[in-house]
Structures are given as structure tokens and as C-alpha cells.
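Notes follow the structure.
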Amino acid sequence: TGSLSFNSSYLQEVYCAYNYFTGSLISTGLFTPYLDYYNIESNYFSGSIPYLANYTDLVTFNIQFNYISGILPQLPENIVYFFATSNQLTGPLTIQWDKYLSLKEYLATDNLLTGTLANIDSISLDKFYVDYNFFTGEVPTFSNLNSLSLIGIANNHFFGKLPEEFDTSCKLTDYYFQFNYIEGTIPSNIGNCGLSMVFFEGSHNYLTGTIPNTFRKLKRLERLTLSENLLSNSLSEAVFNNLKL
């Protein structure tokens, strides 16, 4: 318990997760020029995130489940894992995604983030999770859509249509977009994710049309949630027989 305060200029790794520490991030003295791993998950830290772009060796930054507030800063270009779920972060997500050639996972679920997300122009991203925020605008698109394994944009205020650029190289396992204002039909080429898709959750939107017969190709699908939409006709037997429900 209590606050943390260090005065070392050589710290490279910080792992203080799952405790009862309090105080602000900046006052801890844990940010050094050599820092490459930072994990304070599940504590009671508060205050804002320091300007991270100066910490050029930083690869992992995990502040999940704290009380961190303020805006999300620019990241160091070598960052690989950024985890900020369940805090009180605000403001838009103003990130130049194509700068981060190593970024694999970006998680900022359950905050107070606002603004729009246009094209997530990243070539390395594997997991993108921003559920339970206040984002608006068109459904975000991804330049590496078929390389992603997880997309989570549920419980926001996105509108427009789902992307249609799924091809046979699709690796997407989890697609969460429920509780938005998404309209239009379900893209038939979702079937191209047949060897990967496990969770497809899109309830509480404004989807129309039918569930495509190409869903019969989703051999690994375990959860399909599409309640509270404007879909019509029945789920064909050919599709239903392939669902592991």
C-alpha cells in the first residue's frame, strides 16, 4: 500500500501490478531514459500519463485498472503493447498509426474517450480494443484488416457500415461491435474468415437483410449474437448446422 517513490536513473523494468499503491504516475520517479517495460496494472494510481514519446526503449506499457486521467499521449515509436483499459482517460485518440511499425496490441477499453476513428493505418497491429467509450463517426477501417485477430469497438456511438475487405487471408477470431448504430447488411465475405472466426457479436445495431449463407464457412464460430437488429428471414439450416452454439 501507500505511494511509490524511486530515485534511480537506471530502471529498465517496472512490475508493481496487483497491489494497493496510490499516488500519481509522474511522482513515482519510475520513468527513466532506459525504461523498456512498465506494468502497474490493478492499483490505485491517479494523475495523467507523462509524455511517453521520449522513452524510446519502451516496449510494454500497462496501466490497466487504475484511476489514470487526462489525454492519451503520443507513444514511443518502438512500442509493442499498450494497455490502458479501465481508467478515466478522456479526449480523442490522435495517433499517427503508421509510425508504429512494431505495435501489436492497443487496448483502451472502458474509458471516457471521444472523437472519431477513421482509418487505423497500421501494418503491425494484431489486437485493437476500444469498447465502452464515447467514440462517434463512421465504423473504423483498418489498413491491415486481414492481419488482425481481434477488433473490439462495442458500446460506442459508431455508425455506417461494416468493412467488406475480408479476403481469404483473414485471421480475425473476435469481432465485437454490439451496441452501436451500425447499419446496412452483413458483408458476405465474412465467410473468408472461415478458419479463424470464433466470436461475431453485433447485437443492438441497425443491421438489415439476412445472415449470409457464407456463414456456413465459419467452421470455428462459437458465438453469434445479432439480437436487436432489423434482420429478416430465418437463419438457413446450412448456416445453423455449422455453428458450434
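Chains: A, B, ... in order of the C-alpha cells. Residues: from 1 per chain. Ligands: from 1, in order shown.
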Can you list every residue of stretch 94-181 of chain A that has an atom at most 8 Å from stretch 71-85 of chain A, with its nearest atom pair and the distance in Å to one decimal, using only C-alpha atoms, ordered by chain then number, as CSV?
```
residue,atom,partner,partner_atom,distance
A:Thr94,CA,A:Gln74,CA,7.8
A:Ile95,CA,A:Gln74,CA,6.5
A:Lys99,CA,A:Glu77,CA,6.4
A:Tyr100,CA,A:Glu77,CA,5.2
A:Leu101,CA,A:Asn78,CA,7.4
A:Ser102,CA,A:Val80,CA,5.3
A:Leu103,CA,A:Val80,CA,4.1
A:Lys104,CA,A:Val80,CA,5.3
A:Glu105,CA,A:Tyr81,CA,5.0
A:Tyr106,CA,A:Phe82,CA,5.0
A:Leu107,CA,A:Phe83,CA,4.8
A:Ala108,CA,A:Thr85,CA,4.5
A:Thr109,CA,A:Thr85,CA,4.6
A:Asp110,CA,A:Thr85,CA,5.8
A:Asn111,CA,A:Thr85,CA,6.9
```
Could you pull the residues within 10 Å of stretch 182-195 of chain A, counting only C-alpha atoms, minus those fewer than 3 positions along the same chain, as a short mmCIF file (atom, residue, chain, number, x, y, z; two decimals) with N, CA, C and O atoms, in the first residue's frame?
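And here is the file that came out, out38.cif:
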```
data_model
loop_
_atom_site.label_atom_id
_atom_site.label_comp_id
_atom_site.auth_asym_id
_atom_site.auth_seq_id
_atom_site.Cartn_x
_atom_site.Cartn_y
_atom_site.Cartn_z
N GLU A 138 -17.93 7.24 -38.43
CA GLU A 138 -18.01 6.01 -39.20
C GLU A 138 -17.28 4.86 -38.52
O GLU A 138 -16.31 5.08 -37.78
N VAL A 139 -17.74 3.67 -38.78
CA VAL A 139 -17.06 2.47 -38.29
C VAL A 139 -15.61 2.52 -38.75
O VAL A 139 -15.33 2.74 -39.93
N ASN A 146 -6.99 -7.88 -42.62
CA ASN A 146 -6.90 -9.33 -42.68
C ASN A 146 -5.74 -9.90 -41.86
O ASN A 146 -5.55 -11.11 -41.81
N HIS A 157 -20.55 4.91 -30.19
CA HIS A 157 -21.61 5.56 -30.99
C HIS A 157 -21.24 5.55 -32.46
O HIS A 157 -21.53 6.50 -33.19
N PHE A 158 -20.62 4.47 -32.91
CA PHE A 158 -20.24 4.35 -34.32
C PHE A 158 -21.47 4.13 -35.19
O PHE A 158 -22.44 3.49 -34.78
N PHE A 159 -21.41 4.66 -36.41
CA PHE A 159 -22.47 4.43 -37.38
C PHE A 159 -21.86 4.06 -38.72
O PHE A 159 -20.64 3.92 -38.85
N GLY A 160 -22.70 3.90 -39.74
CA GLY A 160 -22.19 3.49 -41.04
C GLY A 160 -22.22 1.98 -41.19
O GLY A 160 -22.93 1.28 -40.46
N LYS A 161 -21.43 1.47 -42.14
CA LYS A 161 -21.47 0.05 -42.48
C LYS A 161 -20.20 -0.67 -42.06
O LYS A 161 -19.15 -0.07 -41.88
N LEU A 162 -20.33 -1.98 -41.93
CA LEU A 162 -19.18 -2.81 -41.62
C LEU A 162 -18.23 -2.86 -42.81
O LEU A 162 -18.67 -2.81 -43.96
N PRO A 163 -16.93 -2.99 -42.57
CA PRO A 163 -15.99 -3.11 -43.70
C PRO A 163 -16.24 -4.39 -44.48
O PRO A 163 -16.73 -5.39 -43.95
N GLU A 164 -15.87 -4.37 -45.76
CA GLU A 164 -16.12 -5.51 -46.64
C GLU A 164 -14.84 -6.12 -47.21
O GLU A 164 -14.91 -6.98 -48.08
N GLU A 165 -13.69 -5.69 -46.71
CA GLU A 165 -12.43 -6.08 -47.34
C GLU A 165 -11.86 -7.39 -46.80
O GLU A 165 -10.66 -7.63 -46.87
N PHE A 166 -12.69 -8.25 -46.25
CA PHE A 166 -12.21 -9.53 -45.75
C PHE A 166 -11.86 -10.44 -46.93
O PHE A 166 -12.69 -10.67 -47.80
N ASP A 167 -10.64 -10.96 -46.93
CA ASP A 167 -10.27 -11.88 -48.01
C ASP A 167 -9.82 -13.20 -47.42
O ASP A 167 -9.91 -13.44 -46.21
N THR A 168 -9.32 -14.08 -48.25
CA THR A 168 -9.02 -15.45 -47.81
C THR A 168 -7.83 -15.52 -46.87
O THR A 168 -7.55 -16.58 -46.31
N SER A 169 -7.12 -14.40 -46.69
CA SER A 169 -6.01 -14.39 -45.73
C SER A 169 -6.47 -13.94 -44.34
O SER A 169 -5.65 -13.80 -43.43
N CYS A 170 -7.78 -13.75 -44.16
CA CYS A 170 -8.33 -13.23 -42.91
C CYS A 170 -7.93 -14.10 -41.71
O CYS A 170 -8.03 -15.33 -41.75
N LYS A 171 -7.49 -13.43 -40.64
CA LYS A 171 -7.08 -14.10 -39.40
C LYS A 171 -7.95 -13.70 -38.21
O LYS A 171 -7.65 -14.06 -37.07
N LEU A 172 -9.03 -12.98 -38.48
CA LEU A 172 -9.84 -12.42 -37.40
C LEU A 172 -10.55 -13.52 -36.63
O LEU A 172 -11.28 -14.33 -37.20
N THR A 173 -10.34 -13.55 -35.31
CA THR A 173 -11.02 -14.52 -34.45
C THR A 173 -12.18 -13.90 -33.68
O THR A 173 -13.19 -14.56 -33.44
N PHE A 177 -18.82 -5.60 -32.07
CA PHE A 177 -19.29 -4.28 -32.48
C PHE A 177 -20.71 -4.01 -32.01
O PHE A 177 -21.42 -3.14 -32.51
N GLN A 178 -21.15 -4.73 -30.98
CA GLN A 178 -22.50 -4.58 -30.47
C GLN A 178 -22.70 -3.21 -29.80
O GLN A 178 -21.74 -2.54 -29.43
N PHE A 179 -23.96 -2.81 -29.67
CA PHE A 179 -24.35 -1.56 -29.02
C PHE A 179 -23.70 -0.34 -29.69
O PHE A 179 -22.95 0.41 -29.09
N VAL A 198 -14.21 -16.94 -34.33
CA VAL A 198 -14.79 -17.66 -33.20
C VAL A 198 -15.96 -16.87 -32.59
O VAL A 198 -17.00 -17.44 -32.27
N PHE A 200 -18.49 -13.54 -33.17
CA PHE A 200 -19.02 -12.48 -34.03
C PHE A 200 -20.22 -11.90 -33.31
O PHE A 200 -21.30 -12.49 -33.27
N GLY A 202 -22.69 -8.67 -32.75
CA GLY A 202 -23.16 -7.40 -33.31
C GLY A 202 -24.58 -7.05 -32.90
O GLY A 202 -25.31 -6.39 -33.66
N SER A 203 -24.99 -7.44 -31.73
CA SER A 203 -26.35 -7.14 -31.28
C SER A 203 -26.54 -5.64 -31.06
O SER A 203 -25.57 -4.89 -30.94
N HIS A 204 -27.80 -5.21 -31.02
CA HIS A 204 -28.17 -3.83 -30.72
C HIS A 204 -27.52 -2.84 -31.70
O HIS A 204 -26.76 -1.95 -31.33
N ASN A 205 -27.80 -3.07 -32.98
CA ASN A 205 -27.43 -2.14 -34.04
C ASN A 205 -28.62 -1.97 -34.97
O ASN A 205 -29.77 -2.20 -34.56
N TYR A 206 -28.39 -1.59 -36.21
CA TYR A 206 -29.46 -1.40 -37.19
C TYR A 206 -29.17 -2.19 -38.45
O TYR A 206 -29.46 -1.74 -39.56
N LEU A 207 -28.62 -3.38 -38.30
CA LEU A 207 -28.30 -4.22 -39.44
C LEU A 207 -29.58 -4.70 -40.13
O LEU A 207 -30.56 -5.03 -39.46
N THR A 208 -29.53 -4.76 -41.45
CA THR A 208 -30.69 -5.18 -42.22
C THR A 208 -30.31 -6.35 -43.13
O THR A 208 -29.16 -6.77 -43.19
N GLY A 209 -31.33 -6.88 -43.83
CA GLY A 209 -31.08 -8.00 -44.73
C GLY A 209 -31.08 -9.32 -43.99
O GLY A 209 -31.74 -9.48 -42.95
N THR A 210 -30.33 -10.26 -44.50
CA THR A 210 -30.28 -11.60 -43.91
C THR A 210 -28.86 -11.95 -43.47
O THR A 210 -27.90 -11.27 -43.83
N ILE A 211 -28.77 -13.01 -42.71
CA ILE A 211 -27.44 -13.54 -42.37
C ILE A 211 -26.93 -14.30 -43.58
O ILE A 211 -27.58 -15.23 -44.07
N PRO A 212 -25.78 -13.91 -44.12
CA PRO A 212 -25.31 -14.52 -45.38
C PRO A 212 -25.10 -16.02 -45.25
O PRO A 212 -24.65 -16.53 -44.21
N ASN A 213 -25.41 -16.75 -46.33
CA ASN A 213 -25.16 -18.18 -46.35
C ASN A 213 -23.67 -18.51 -46.23
O ASN A 213 -23.31 -19.63 -45.87
N THR A 214 -22.82 -17.52 -46.53
CA THR A 214 -21.38 -17.76 -46.42
C THR A 214 -20.96 -18.00 -44.97
O THR A 214 -19.83 -18.45 -44.73
N PHE A 215 -21.85 -17.73 -44.02
CA PHE A 215 -21.52 -18.02 -42.62
C PHE A 215 -21.32 -19.52 -42.39
O PHE A 215 -20.74 -19.93 -41.39
N ARG A 216 -21.80 -20.34 -43.33
CA ARG A 216 -21.59 -21.78 -43.17
C ARG A 216 -20.11 -22.14 -43.28
O ARG A 216 -19.70 -23.24 -42.88
N LYS A 217 -19.30 -21.20 -43.79
CA LYS A 217 -17.86 -21.45 -43.89
C LYS A 217 -17.14 -21.20 -42.56
O LYS A 217 -15.97 -21.55 -42.43
N LEU A 218 -17.83 -20.60 -41.61
CA LEU A 218 -17.20 -20.26 -40.33
C LEU A 218 -17.20 -21.49 -39.43
O LEU A 218 -17.98 -21.61 -38.48
N LYS A 219 -16.30 -22.40 -39.70
CA LYS A 219 -16.29 -23.70 -39.03
C LYS A 219 -15.95 -23.61 -37.54
O LYS A 219 -16.29 -24.50 -36.77
N ARG A 220 -15.27 -22.54 -37.11
CA ARG A 220 -14.85 -22.42 -35.72
C ARG A 220 -15.76 -21.51 -34.90
O ARG A 220 -15.52 -21.29 -33.72
N LEU A 221 -16.80 -20.97 -35.53
CA LEU A 221 -17.66 -20.00 -34.86
C LEU A 221 -18.35 -20.62 -33.65
O LEU A 221 -19.01 -21.65 -33.75
N ASN A 229 -31.61 -6.17 -33.92
CA ASN A 229 -31.28 -5.52 -35.19
C ASN A 229 -32.54 -5.48 -36.04
O ASN A 229 -33.65 -5.63 -35.53
N LEU A 230 -32.40 -5.28 -37.34
CA LEU A 230 -33.53 -5.24 -38.25
C LEU A 230 -33.41 -6.34 -39.30
O LEU A 230 -33.82 -6.18 -40.45
N LEU A 231 -32.82 -7.46 -38.92
CA LEU A 231 -32.59 -8.57 -39.83
C LEU A 231 -33.90 -9.30 -40.13
O LEU A 231 -34.82 -9.30 -39.31
#
```
| said: Report as a count of residues only all protein, DNA and RNA residues lying within 12 Å of A:Ser86, evaluated on only C-alpha atoms, omitting residues in the same chain fewer than 4 positions from it. | reply: 25
| request: Would you mind listing what lies within 8 Å of A:Asn39 as an NGL selection string, with only C-alpha atoms counted and same-chain residues fewer than 3 positions away left out? | output: :A and (14-17 or 60-63)
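Distances to A:Pro50 were evaluated for A:Asn19, A:Gly70, A:Leu117, A:Asn180 using only C-alpha atoms, and the minimum falls at A:Gly70.
Proximity ranking of A:Ser196, A:Asn144, A:Ser48, A:Ser9 relative to A:Glu222 places A:Ser196 first, based on only C-alpha atoms.
Interatomic distance, atom CA of A:Tyr176 to atom CA of A:Asp98: 23.6 Å.
The space between atom CA of A:Leu35 and atom CA of A:Leu58 spans 5.6 Å.
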